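The next block is coords00.txt, given as compact mmCIF, C-alpha atoms.
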```txt
# COMPACT_ATOMS: atom_id res chain seq x y z
CA MET A 1 0.00 0.00 0.00
CA LYS A 2 2.95 2.27 0.61
CA GLU A 3 4.75 1.56 -2.67
CA HIS A 4 4.60 5.14 -3.92
CA ASP A 5 4.95 6.87 -0.60
CA GLU A 6 8.71 6.99 -0.22
CA ASP A 7 8.59 10.77 0.16
CA LEU A 8 6.25 10.57 3.12
CA GLU A 9 8.14 7.63 4.60
CA LYS A 10 11.34 9.64 4.51
CA ARG A 11 9.76 12.63 6.22
CA PHE A 12 8.18 10.50 8.94
CA ALA A 13 11.48 8.69 9.50
CA GLU A 14 13.18 12.05 10.08
CA LEU A 15 10.51 13.01 12.57
CA ARG A 16 10.81 9.65 14.34
CA ALA A 17 14.59 9.92 14.60
CA TRP A 18 14.26 13.39 16.09
CA ASP A 19 11.62 12.36 18.62
CA ARG A 20 13.69 9.47 19.90
CA ARG A 21 16.60 11.65 20.89
CA ALA A 22 15.20 12.63 24.28
CA ILE A 23 12.75 10.12 25.68
CA PRO A 24 12.50 9.82 29.48
CA SER A 25 13.14 6.28 30.69
CA PHE A 26 10.26 3.98 31.63
CA GLU A 27 11.39 3.85 35.27
CA ALA A 28 11.73 7.61 35.53
CA LEU A 29 8.27 8.14 34.10
CA VAL A 30 6.56 5.61 36.37
CA GLY A 31 8.46 6.67 39.48
CA ARG A 32 8.09 10.42 39.28
CA PRO A 33 5.37 12.27 41.21
CA ARG A 34 2.19 12.86 39.24
CA ARG A 35 1.82 16.28 37.71
CA THR A 36 -1.83 16.11 36.78
CA SER A 37 -3.87 18.07 39.28
CA ARG A 38 -7.41 17.49 40.43
CA ALA A 39 -8.20 21.15 39.93
CA PRO A 40 -10.38 20.58 36.84
CA LEU A 41 -12.45 17.97 38.67
CA LEU A 42 -12.88 20.34 41.59
CA ALA A 43 -13.95 23.01 39.12
CA VAL A 44 -16.65 20.70 37.76
CA ALA A 45 -17.81 19.84 41.27
CA ALA A 46 -18.01 23.52 42.18
CA LEU A 47 -19.94 24.24 39.00
CA VAL A 48 -22.44 21.44 39.71
CA ILE A 49 -22.96 22.67 43.27
CA ALA A 50 -23.48 26.24 42.08
CA VAL A 51 -26.02 25.17 39.44
CA ALA A 52 -27.83 22.96 41.97
CA ALA A 53 -27.97 25.86 44.43
CA VAL A 54 -29.34 28.24 41.82
CA VAL A 55 -32.00 25.75 40.73
CA LEU A 56 -32.99 24.29 44.12
CA LEU A 57 -32.84 27.25 46.51
CA PRO A 58 -35.85 29.16 45.10
CA ARG A 59 -37.86 25.93 45.15
CA LEU A 60 -36.93 25.21 48.78
CA ARG A 61 -37.76 28.79 49.69
CA GLY A 62 -41.17 28.37 48.01
CA VAL A 63 -41.94 25.18 49.95
CA ARG A 64 -40.95 26.82 53.26
CA SER A 65 -43.08 29.90 52.72
CA GLU A 66 -46.02 27.65 51.81
CA ALA A 67 -45.64 25.70 55.08
CA VAL A 68 -45.43 28.90 57.12
CA GLY A 69 -48.52 30.20 55.35
CA ILE A 70 -50.52 27.07 56.25
CA ALA A 71 -49.37 27.20 59.90
CA GLU A 72 -50.24 30.84 60.30
CA TRP A 73 -53.58 30.72 58.53
CA GLN A 74 -56.58 32.12 60.38
CA SER A 75 -60.15 31.98 59.33
CA PRO A 76 -61.50 35.35 58.20
CA THR A 77 -64.57 34.77 60.38
CA ALA A 78 -62.56 33.79 63.49
CA SER A 79 -63.37 37.14 65.13
CA LEU A 80 -67.09 36.26 65.13
CA LEU A 81 -66.37 33.43 67.58
CA VAL A 82 -65.12 35.93 70.18
CA VAL A 83 -68.16 36.94 72.24
CA PRO A 84 -68.46 38.73 75.60
CA GLY A 85 -67.88 36.24 78.42
CA SER A 86 -66.05 33.75 76.21
CA ASP A 87 -63.31 33.62 78.87
CA LEU A 88 -65.78 31.95 81.21
CA LEU A 89 -66.51 29.32 78.58
CA ARG A 90 -62.83 28.59 78.06
CA THR A 91 -62.12 28.18 81.76
CA VAL A 92 -64.67 25.72 83.07
CA PRO A 93 -64.15 25.50 86.84
CA SER A 94 -63.21 22.14 88.28
CA ILE A 95 -64.85 21.27 91.56
CA SER A 96 -61.83 19.62 93.19
CA GLU A 97 -59.52 22.41 92.15
CA SER A 98 -61.75 25.06 93.60
CA LEU A 99 -61.95 23.14 96.89
CA ILE A 100 -58.22 22.97 97.22
CA HIS A 101 -58.03 26.56 96.34
CA LEU A 102 -60.46 27.41 99.13
CA GLU A 103 -58.60 25.26 101.68
CA GLU A 104 -55.35 27.02 100.93
CA GLN A 105 -56.95 30.35 101.42
CA MET B 1 2.56 -4.63 40.42
CA ASN B 2 2.65 -7.25 37.68
CA SER B 3 6.35 -7.43 36.86
CA ASP B 4 5.88 -9.50 33.67
CA LEU B 5 3.48 -6.93 32.29
CA ALA B 6 5.79 -4.14 33.41
CA CYS B 7 8.63 -5.74 31.44
CA LEU B 8 6.46 -6.11 28.33
CA VAL B 9 5.28 -2.52 28.56
CA ALA B 10 8.79 -1.24 29.23
CA ALA B 11 10.02 -3.07 26.13
CA THR B 12 7.76 -0.93 23.92
CA HIS B 13 8.36 2.28 25.88
CA GLU B 14 9.94 4.25 23.04
CA GLU B 15 7.11 3.40 20.68
CA ASN B 16 4.57 4.24 23.38
CA PHE B 17 6.13 7.60 24.02
CA ALA B 18 6.21 8.44 20.32
CA TRP B 19 2.53 7.53 19.99
CA ALA B 20 1.64 9.57 23.09
CA LEU B 21 3.50 12.46 21.52
CA GLY B 22 1.40 12.08 18.37
CA CYS B 23 -1.82 11.92 20.40
CA CYS B 24 -0.83 15.08 22.33
CA ARG B 25 -0.09 17.15 19.22
CA ARG B 26 3.64 16.88 19.91
CA ASP B 27 3.50 18.43 23.36
CA ARG B 28 6.23 16.55 25.22
CA ARG B 29 5.13 17.52 28.70
CA GLU B 30 1.56 16.45 28.06
CA ALA B 31 2.77 13.23 26.42
CA GLU B 32 4.80 12.41 29.54
CA ASP B 33 1.78 13.02 31.78
CA VAL B 34 -0.47 10.89 29.57
CA LEU B 35 2.02 8.04 29.33
CA GLN B 36 2.63 8.06 33.08
CA ALA B 37 -1.13 7.85 33.65
CA VAL B 38 -1.34 4.95 31.18
CA TYR B 39 1.50 3.03 32.81
CA LEU B 40 -0.01 3.47 36.25
CA LYS B 41 -3.40 2.32 34.95
CA VAL B 42 -1.83 -0.76 33.40
CA LEU B 43 0.38 -1.64 36.33
CA ASP B 44 -2.37 -1.05 38.93
CA GLY B 45 -4.72 -3.29 36.94
CA ARG B 46 -7.22 -0.51 36.16
CA ALA B 47 -6.60 -1.20 32.47
CA ARG B 48 -6.60 -4.90 31.71
CA PHE B 49 -5.22 -6.60 28.62
CA ASP B 50 -7.79 -9.15 27.48
CA GLY B 51 -5.73 -10.67 24.68
CA ARG B 52 -8.19 -9.83 21.90
CA SER B 53 -5.49 -7.90 20.05
CA SER B 54 -1.73 -7.64 20.31
CA LEU B 55 -0.36 -6.01 23.46
CA LYS B 56 0.98 -3.11 21.41
CA THR B 57 -2.36 -2.46 19.71
CA TRP B 58 -4.17 -2.56 23.06
CA LEU B 59 -1.60 -0.28 24.70
CA PHE B 60 -1.82 2.21 21.84
CA ALA B 61 -5.61 2.28 22.21
CA VAL B 62 -5.27 2.94 25.97
CA ILE B 63 -2.79 5.76 25.27
CA ARG B 64 -5.18 7.29 22.74
CA ARG B 65 -8.13 7.17 25.14
CA THR B 66 -6.09 8.57 28.02
CA ALA B 67 -4.84 11.41 25.83
CA ALA B 68 -8.46 12.22 24.93
CA GLN B 69 -9.39 12.30 28.64
CA HIS B 70 -6.41 14.52 29.30
CA ARG B 71 -7.53 16.90 26.55
CA ARG B 72 -10.97 17.17 28.12
CA LEU B 73 -9.48 17.91 31.53
CA ALA B 74 -7.18 20.47 29.96
CA TRP B 75 -10.25 22.11 28.44
CA LEU B 76 -11.83 22.32 31.89
CA GLY B 77 -8.60 23.76 33.19
CA ARG B 78 -8.86 26.51 30.59
CA LEU B 79 -12.44 27.07 31.72
CA ARG B 80 -11.11 27.86 35.19
CA PHE B 81 -8.49 30.17 33.72
CA ILE B 82 -5.73 27.86 34.89
CA PRO B 83 -2.69 28.24 32.67
CA LEU B 84 -2.13 25.10 30.66
CA THR B 85 0.79 22.90 31.53
CA THR B 86 2.01 22.99 27.97
CA THR B 87 5.55 23.97 27.32
CA PRO B 88 7.22 24.27 23.99
CA ASP B 89 8.94 21.16 22.79
CA ALA B 90 12.34 21.70 24.37
CA ALA B 91 14.13 19.57 21.82
CA SER B 92 12.59 21.20 18.77
CA ALA B 93 12.93 24.64 20.30
CA ALA B 94 16.68 24.34 20.57
CA PRO B 95 18.04 26.36 17.68
CA GLY B 96 20.94 24.98 15.74
CA ALA B 97 20.70 21.59 17.41
CA ASP B 98 20.13 19.87 14.09
CA ALA B 99 22.87 18.64 11.80
CA THR B 100 21.21 20.35 8.88
CA VAL B 101 18.76 23.20 8.83
CA GLU B 102 17.02 21.66 5.85
CA VAL B 103 16.09 18.51 7.75
CA ALA B 104 14.82 20.59 10.64
CA GLU B 105 12.68 22.66 8.30
CA ARG B 106 11.23 19.55 6.66
CA ARG B 107 10.45 18.08 10.05
CA GLU B 108 8.76 21.26 11.19
CA GLN B 109 6.72 21.41 7.98
CA LEU B 110 5.56 17.85 8.54
CA ALA B 111 4.62 18.55 12.17
CA GLN B 112 2.63 21.63 11.15
CA ALA B 113 0.95 19.86 8.25
CA LEU B 114 -0.04 16.95 10.51
CA ASP B 115 -1.50 19.43 12.96
CA ARG B 116 -3.80 20.73 10.23
CA LEU B 117 -5.24 17.32 9.40
CA SER B 118 -8.34 15.97 11.06
CA ARG B 119 -7.60 13.92 14.18
CA ARG B 120 -8.54 10.63 12.54
CA GLN B 121 -6.41 11.32 9.46
CA ARG B 122 -3.46 12.35 11.62
CA GLU B 123 -3.77 9.27 13.80
CA VAL B 124 -4.01 6.86 10.88
CA LEU B 125 -1.01 8.43 9.12
CA LEU B 126 1.06 8.41 12.29
CA LEU B 127 0.23 4.78 12.93
CA VAL B 128 1.03 3.73 9.38
CA PHE B 129 4.05 5.86 8.50
CA TYR B 130 5.55 6.65 11.88
CA HIS B 131 4.81 3.43 13.75
CA GLU B 132 4.79 1.21 10.68
CA HIS B 133 1.45 -0.39 11.41
CA THR B 134 -0.70 -1.79 8.66
CA VAL B 135 -3.98 0.03 7.98
CA GLU B 136 -5.77 -2.96 9.55
CA GLU B 137 -3.72 -2.62 12.74
CA ALA B 138 -4.34 1.12 12.78
CA ALA B 139 -8.07 0.44 12.54
CA GLY B 140 -7.74 -1.82 15.60
CA VAL B 141 -5.97 0.88 17.61
CA LEU B 142 -8.54 3.51 16.67
CA GLY B 143 -11.50 1.19 17.16
CA ILE B 144 -12.90 1.84 13.68
CA GLY B 145 -13.58 -0.36 10.66
CA VAL B 146 -10.83 -1.16 8.18
CA GLY B 147 -12.75 0.53 5.35
CA SER B 148 -13.08 3.70 7.36
CA ALA B 149 -9.38 3.61 8.31
CA ARG B 150 -8.46 3.15 4.65
CA THR B 151 -10.55 6.18 3.68
CA HIS B 152 -8.89 8.32 6.37
CA TYR B 153 -5.52 7.03 5.21
CA GLU B 154 -6.03 7.90 1.55
CA ARG B 155 -7.64 11.29 2.18
CA GLY B 156 -5.08 12.11 4.86
CA LYS B 157 -2.20 11.29 2.54
CA ALA B 158 -3.62 13.46 -0.24
CA ARG B 159 -4.19 16.38 2.10
CA LEU B 160 -0.79 15.98 3.73
CA ARG B 161 0.92 16.09 0.33
CA LEU B 162 -1.07 19.18 -0.54
CA LEU B 163 -0.10 20.91 2.70
CA LEU B 164 3.54 19.91 2.34
CA GLY B 165 3.50 21.16 -1.24
CA GLU B 166 2.12 24.51 -0.09
CA ALA B 167 4.74 24.75 2.63
CA SER B 168 7.76 24.00 0.47
```
I need this file expressed as structure tokens, please.
Amino acid sequence: MKEHDEDLEKRFAELRAWDRRAIPSFEALVGRPRRTSRAPLLAVAALVIAVAAVVLLPRLRGVRSEAVGIAEWQSPTASLLVVPGSDLLRTVPSISESLIHLEEQ
Amino acid sequence: MNSDLACLVAATHEENFAWALGCCRRDRREAEDVLQAVYLKVLDGRARFDGRSSLKTWLFAVIRRTAAQHRRLAWLGRLRFIPLTTTPDAASAAPGADATVEVAERREQLAQALDRLSRRQREVLLLVFYHEHTVEEAAGVLGIGVGSARTHYERGKARLRLLLGEAS
């Protein structure tokens, strides 16, 4: 297949010869400390967290305000239930309690 | 560490480095990082040779994949405005180191022309002309069909000749 490609073969051979002049040894390459940093991975992690925060925070805030709204809800007609003397109805006297109370006095 | 495998890998070290250099667009520093990562993967057992191809073909495929991963990480590094770890090829940057200026110029023309080819074309041509693989073996390394490899080979050759013709 390469019968008529002597020109290219020659050029590639020159490149190959040049490249092989300064190759670090196998042992040196395996034994040296790694240069590749984890910075790009940390960048991705930070990006994911930022995106998640931007997307999720408004939703969480919405859910919270909904819960607070339900807890604090009051009927618009609640004021009609307040009548004069309603305190007496809320505090029904207990017979035993009033006896003790009298004894103490 | 599997010492038998280490010996086999070490025996093809020069070829491996040259292929890593080709996969890293002739950036020596990046090629060293990629090859170190490959060796550690192989020796730790994270990359396993299953015997479906020759050891060299398998190793070349691992180098190619690792270089691609490295490129992606380098892209992310750029995204964070981290300066790339690339340094000019110290050997080729040394002026007057060559016996003849003409050979150096031809070599530089070839490197630049290869850089302008598509990745597939560059890889096929490097495997065939530089590493003296057959087109079938190159297809195995690249994980593509033989027909596809042959097309990249023919088109790459034509374009390379055109680029070299323009340069000279």
Q: Using only C-alpha atoms, find the residues of chain A whose closest atom to chain B is at most 6 Å away, then write them as a count of residues only.
A: 7
Q: Go through A:Leu56, A:Ile23, A:Ala46, A:Leu81 one by one, measure the shortest atom-to-atom distance of each to Trp19 (chain B) using only C-alpha atoms, and give the residue with the smallest value.
A: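 Under the stated criterion, the closest residue is A:Ile23.
The shortest atom-to-atom distance to Arg150 (chain B), with all atoms listed in the file taken into account, belongs to B:Val124 out of B:Leu55, B:Ala31, B:Val124, B:Ala68.
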Quick one: axis-aligned box around all listed atoms of region 67-81 of chain A, 3 Å on every side, centre and edge lengths in Å to one decimal, written as AutoDock Vina command-line options.
```
--center_x -56.3 --center_y 31.4 --center_z 61.3 --size_x 27.7 --size_y 17.4 --size_z 18.5
```
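Coordinates place CA of Arg11 (chain A) at a distance of 14.1 Å from CA of Thr100 (chain B).
The two atoms in question, CA of Gln112 (chain B) and CA of Val62 (chain B), are spaced 25.1 Å apart.
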Q.
Between CA of Ser118 (chain B) and CA of Gly156 (chain B), what is the distance in Å, rounded to a tenth?
A. 8.0 Å
Q) Taking into account all atoms listed in the file, which residue in the set B:Ala47, B:Val42, B:Tyr153, B:Arg65 is nearest to Leu127 (chain B)? A) B:Tyr153
